[in-house]
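**Student:** Mind looking over this structure? Questions follow.
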Amino acid sequence: MDLNTINEVARPQTREQLPVWTAGDAWLAGGTWLFSEPQVHLTRLIDLADLKWPALTIGDTELTIAATCTVAQLDALACPPEWIASPLINQCCRAFLASFKIWKTATVGGNICMSLPAGPMTSLTSALDGVATIWKADGSEQKVKIADFVTGNNRNVLASGDLLRQIDIPLAALKRRVAFRQISLTPVGRSAALLIGSLTADGALALTVTASTVRPIRLSFAQMPSAKQLHAAILQQIPDALYHTDIHGKPAWRKHMTLRLAEEIRTELQGPARP
């Protein structure tokens, strides 16, 4: 869709060249949502392409995902065999249920910044202990756990003019045993519940609940809980008001599926690891 109210496109090459944020501005990365509907309030786009951030960088302790990394680039990452959690990358990329055109254009950062309950990049990075680096409008930086970055349906911690720079995933998280569950109301529909469990070497369980709730919910257990303990923890830590509602699923059904999928994850991780 043409955005016929835009009268300027800025193309900074460094952080110092980022223009002063004003009303009517918008960041442009993939633009798959930006160009999908009228944006009559916008007059200037700030194109991030010329910043040329490396899409993916594997360091000694973390995997760095640039906010401008596309879904296709992330899905194509060749992961070392010791990253036994790496199947989550492909599973969450496919939770988009999007065409190859979207995969090659949509960005990881864009999906997280949209902050929709069903955003699979939020699911992936929050489950893997991701930490966002935010370039603040005043020139400073802020670190925020992805699990805390999204605060509600289409809401997050970004203030006006703030820019998501990258997401850092600890390599230790990629070496944990994991289990993935996702369900939609229809066979090719938007995620209505997406849960990821991870198990540390000492037996601690972390369960990340997304899509069924308006923001990511992390439940932590020092050791594998019983079915009763897990059920009680979900009821206690996820109040009914946090379950999302739209045409893709009502809150009562999403809650039911959250409880069911969580128990499936607990059972899988309690059993022997798959060869």
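Within each chain, counting starts at residue 1; across the structure tokens, chains are named A, B, ... in the order shown, with ligands numbered 1 upward in that order.
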I'd like the contact shell of Met224 of chain A - 7 Å cut-off, only C-alpha atoms, skipping same-chain residues fewer than 4 positions apart - returned as a ChimeraX atom specification.

**Tutor:** /A:203-205

**Student:** I need the chosen residues saved as a PDB file, in the first residue's frame, with N, CA and C atoms.

**Tutor:**
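The resulting out.pdb:
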ATOM      1  N   GLY A 203      17.976 -29.672  36.534  1.00  0.00           N
ATOM      2  CA  GLY A 203      16.582 -30.078  36.674  1.00  0.00           C
ATOM      3  C   GLY A 203      15.582 -28.966  36.889  1.00  0.00           C
ATOM      4  N   ALA A 204      16.014 -27.706  36.815  1.00  0.00           N
ATOM      5  CA  ALA A 204      15.078 -26.588  36.971  1.00  0.00           C
ATOM      6  C   ALA A 204      14.266 -26.419  35.683  1.00  0.00           C
ATOM      7  N   LEU A 205      12.988 -26.145  35.834  1.00  0.00           N
ATOM      8  CA  LEU A 205      12.087 -25.983  34.697  1.00  0.00           C
ATOM      9  C   LEU A 205      11.642 -24.541  34.563  1.00  0.00           C
TER      10      LEU A 205
END

**Student:** Could you make a table, as CSV, of the residues of segment 133-187 of chain A that have an atom within 12 Å of an atom of segment 241-245 of chain A, each with its nearest atom pair and distance in Å to one decimal, counting only C-alpha atoms, in chain and number order?

**Tutor:**
residue,atom,partner,partner_atom,distance
A:Thr151,CA,A:Leu242,CA,10.7
A:Gly152,CA,A:Leu242,CA,8.6
A:Asn153,CA,A:His244,CA,8.1
A:Asn154,CA,A:His244,CA,11.6

**Student:** Would you put the residues from that selection into a file with all heavy atoms, as a PDB file, in the first residue's frame?

**Tutor:**
ATOM      1  N   THR A 151       4.394  -5.527  27.311  1.00  0.00           N
ATOM      2  CA  THR A 151       3.619  -5.283  28.530  1.00  0.00           C
ATOM      3  C   THR A 151       2.122  -5.542  28.357  1.00  0.00           C
ATOM      4  O   THR A 151       1.385  -5.529  29.337  1.00  0.00           O
ATOM      5  CB  THR A 151       3.830  -3.843  29.006  1.00  0.00           C
ATOM      6  OG1 THR A 151       3.436  -2.939  27.955  1.00  0.00           O
ATOM      7  CG2 THR A 151       5.290  -3.591  29.353  1.00  0.00           C
ATOM      8  N   GLY A 152       1.684  -5.767  27.127  1.00  0.00           N
ATOM      9  CA  GLY A 152       0.271  -6.011  26.865  1.00  0.00           C
ATOM     10  C   GLY A 152       0.035  -6.166  25.381  1.00  0.00           C
ATOM     11  O   GLY A 152       0.979  -6.167  24.582  1.00  0.00           O
ATOM     12  N   ASN A 153      -1.216  -6.309  24.995  1.00  0.00           N
ATOM     13  CA  ASN A 153      -1.560  -6.451  23.585  1.00  0.00           C
ATOM     14  C   ASN A 153      -1.202  -5.168  22.838  1.00  0.00           C
ATOM     15  O   ASN A 153      -1.782  -4.114  23.080  1.00  0.00           O
ATOM     16  CB  ASN A 153      -3.057  -6.737  23.450  1.00  0.00           C
ATOM     17  CG  ASN A 153      -3.494  -6.885  21.998  1.00  0.00           C
ATOM     18  OD1 ASN A 153      -2.683  -7.146  21.111  1.00  0.00           O
ATOM     19  ND2 ASN A 153      -4.782  -6.718  21.757  1.00  0.00           N
ATOM     20  N   ASN A 154      -0.189  -5.252  21.934  1.00  0.00           N
ATOM     21  CA  ASN A 154       0.274  -4.114  21.145  1.00  0.00           C
ATOM     22  C   ASN A 154       0.899  -3.022  22.014  1.00  0.00           C
ATOM     23  O   ASN A 154       0.917  -1.860  21.639  1.00  0.00           O
ATOM     24  CB  ASN A 154      -0.884  -3.551  20.315  1.00  0.00           C
ATOM     25  CG  ASN A 154      -0.429  -2.846  19.056  1.00  0.00           C
ATOM     26  OD1 ASN A 154      -1.086  -1.917  18.583  1.00  0.00           O
ATOM     27  ND2 ASN A 154       0.679  -3.270  18.485  1.00  0.00           N
TER      28      ASN A 154
END

**Student:** Near Ile183 of chain A, counting only C-alpha atoms, which residues have an atom at most 10 Å away, once you skip same-chain residues fewer than 4 positions from it, shown as a PDB file with N, CA and C atoms, in the first residue's frame?

**Tutor:**
ATOM      1  N   ALA A  95       5.627 -20.571  13.016  1.00  0.00           N
ATOM      2  CA  ALA A  95       4.394 -20.140  13.680  1.00  0.00           C
ATOM      3  C   ALA A  95       3.845 -18.856  13.067  1.00  0.00           C
ATOM      4  N   PRO A 187      -6.776 -24.801  11.409  1.00  0.00           N
ATOM      5  CA  PRO A 187      -5.531 -25.483  11.024  1.00  0.00           C
ATOM      6  C   PRO A 187      -4.392 -24.554  10.615  1.00  0.00           C
ATOM      7  N   VAL A 188      -4.690 -23.443   9.964  1.00  0.00           N
ATOM      8  CA  VAL A 188      -3.631 -22.521   9.542  1.00  0.00           C
ATOM      9  C   VAL A 188      -3.873 -21.129  10.131  1.00  0.00           C
ATOM     10  N   GLY A 189      -4.396 -21.097  11.345  1.00  0.00           N
ATOM     11  CA  GLY A 189      -4.737 -19.826  11.965  1.00  0.00           C
ATOM     12  C   GLY A 189      -3.628 -19.272  12.838  1.00  0.00           C
ATOM     13  N   ARG A 190      -3.867 -18.076  13.343  1.00  0.00           N
ATOM     14  CA  ARG A 190      -2.913 -17.415  14.241  1.00  0.00           C
ATOM     15  C   ARG A 190      -2.824 -18.195  15.542  1.00  0.00           C
ATOM     16  N   SER A 191      -1.639 -18.215  16.137  1.00  0.00           N
ATOM     17  CA  SER A 191      -1.434 -18.938  17.395  1.00  0.00           C
ATOM     18  C   SER A 191      -2.391 -18.435  18.464  1.00  0.00           C
ATOM     19  N   ALA A 192      -3.090 -19.378  19.092  1.00  0.00           N
ATOM     20  CA  ALA A 192      -3.965 -19.040  20.209  1.00  0.00           C
ATOM     21  C   ALA A 192      -3.301 -19.369  21.537  1.00  0.00           C
ATOM     22  N   ALA A 193      -2.316 -20.245  21.494  1.00  0.00           N
ATOM     23  CA  ALA A 193      -1.483 -20.560  22.658  1.00  0.00           C
ATOM     24  C   ALA A 193      -0.164 -21.094  22.129  1.00  0.00           C
ATOM     25  N   LEU A 194       0.936 -20.577  22.647  1.00  0.00           N
ATOM     26  CA  LEU A 194       2.270 -21.054  22.268  1.00  0.00           C
ATOM     27  C   LEU A 194       3.101 -21.116  23.543  1.00  0.00           C
ATOM     28  N   LEU A 195       3.439 -22.328  23.936  1.00  0.00           N
ATOM     29  CA  LEU A 195       4.160 -22.552  25.180  1.00  0.00           C
ATOM     30  C   LEU A 195       5.501 -23.217  24.890  1.00  0.00           C
ATOM     31  N   ALA A 211       0.952 -16.026  23.468  1.00  0.00           N
ATOM     32  CA  ALA A 211      -0.193 -16.127  22.537  1.00  0.00           C
ATOM     33  C   ALA A 211      -1.523 -16.256  23.271  1.00  0.00           C
ATOM     34  N   SER A 212      -1.610 -17.130  24.257  1.00  0.00           N
ATOM     35  CA  SER A 212      -2.862 -17.224  25.010  1.00  0.00           C
ATOM     36  C   SER A 212      -3.006 -16.065  25.980  1.00  0.00           C
ATOM     37  N   ARG A 254      -8.526 -20.502  25.662  1.00  0.00           N
ATOM     38  CA  ARG A 254      -7.079 -20.294  25.720  1.00  0.00           C
ATOM     39  C   ARG A 254      -6.520 -20.760  27.072  1.00  0.00           C
ATOM     40  N   MET A 257      -6.415 -24.556  27.033  1.00  0.00           N
ATOM     41  CA  MET A 257      -5.324 -25.069  26.207  1.00  0.00           C
ATOM     42  C   MET A 257      -3.965 -24.789  26.847  1.00  0.00           C
ATOM     43  N   THR A 258      -3.846 -23.678  27.566  1.00  0.00           N
ATOM     44  CA  THR A 258      -2.600 -23.390  28.280  1.00  0.00           C
ATOM     45  C   THR A 258      -2.321 -24.480  29.311  1.00  0.00           C
ATOM     46  N   LEU A 261      -1.474 -27.826  27.338  1.00  0.00           N
ATOM     47  CA  LEU A 261      -0.169 -27.839  26.680  1.00  0.00           C
ATOM     48  C   LEU A 261       0.964 -27.800  27.702  1.00  0.00           C
TER      49      LEU A 261
END

**Student:** So which residues touch segment 105-116 of chain A within 10 Å, counting only C-alpha atoms, skipping near sequence neighbours fewer than 3 positions away, as JSON, numbers by chain?

**Tutor:** {"A": [27, 28, 29, 30, 31, 32, 33, 34, 55, 65, 66, 67, 68, 69, 70, 71, 72, 73, 74, 93, 96, 98, 100, 101, 102, 119, 120, 121, 122, 123, 125, 132, 146, 149, 150, 151, 152, 153, 154, 155, 156, 157, 158, 163, 164, 165, 166, 167, 210, 211, 213, 214, 215, 216]}

**Student:** What's the 9 Å shell around Ala172 of chain A, counting only C-alpha atoms, without same-chain residues fewer than 3 positions away, as a PDB file with C-alpha atoms, in the first residue's frame?

**Tutor:**
ATOM      1  CA  THR A  61      28.618 -16.255  25.396  1.00  0.00           C
ATOM      2  CA  GLU A  62      25.643 -15.122  23.334  1.00  0.00           C
ATOM      3  CA  TRP A  83      22.524 -26.047  20.607  1.00  0.00           C
ATOM      4  CA  LEU A 128      15.514 -18.331  25.514  1.00  0.00           C
ATOM      5  CA  ILE A 169      20.401 -14.844  23.540  1.00  0.00           C
ATOM      6  CA  LYS A 175      22.049 -25.700  25.133  1.00  0.00           C
ATOM      7  CA  ARG A 176      19.059 -26.537  27.303  1.00  0.00           C
TER       8      ARG A 176
END

**Student:** With distances taken over only C-alpha atoms, which residue among A:Thr5, A:Thr208, A:Phe180, A:Leu235 lies nearest Glu264 of chain A?

**Tutor:** A:Phe180

**Student:** Kindly assemble as CSV a list of the segment 133-222 of chain A residues that lie within 12 Å of segment 12-24 of chain A, each paired with its nearest atom pair and their distance in Å to one decimal, using only C-alpha atoms, sorted first by chain and then by ascending residue number.

**Tutor:**
residue,atom,partner,partner_atom,distance
A:Trp135,CA,A:Arg15,CA,8.8
A:Lys136,CA,A:Arg15,CA,10.8
A:Ala137,CA,A:Trp21,CA,7.5
A:Asp138,CA,A:Val20,CA,9.5
A:Gly139,CA,A:Arg15,CA,8.8
A:Ser140,CA,A:Arg15,CA,11.1
A:Glu141,CA,A:Arg15,CA,11.7
A:Ala159,CA,A:Trp21,CA,11.1
A:Ser160,CA,A:Trp21,CA,7.7
A:Gly161,CA,A:Trp21,CA,5.4
A:Asp162,CA,A:Trp21,CA,8.9
A:Leu163,CA,A:Leu18,CA,10.3
A:Arg165,CA,A:Arg15,CA,10.3

**Student:** Taking only segment 54-176 of chain A into account, list the residues labelled helix (DSSP H, G or I) by DSSP (computed from the backbone), as number ranges by chain.

**Tutor:** A: 71-75, 87-94, 100-103, 108-114, 120-127, 146-149, 171-174

**Student:** Got a sec: who's within 6 Å of Leu63 of chain A, counting only C-alpha atoms, leaving out chain neighbours fewer than 3 positions off, as a PyMOL selection string?

**Tutor:** chain A and resi 57-58+168-169

**Student:** Identify all residues of segment 97-249 of chain A in strand (DSSP E) (DSSP on the backbone) and supply them as number ranges by chain.

**Tutor:** A: 131-135, 141-145, 150-152, 155-156, 163-170, 177-184, 191-199, 205-210, 217-221

**Student:** With only C-alpha atoms as the basis for distance, which of A:Gln270, A:Gln142, A:Gln229, A:Gln39 is at the shortest distance from Gly197 of chain A?

**Tutor:**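 The shortest atom-to-atom distance to Gly197 of chain A comes from A:Gln270.
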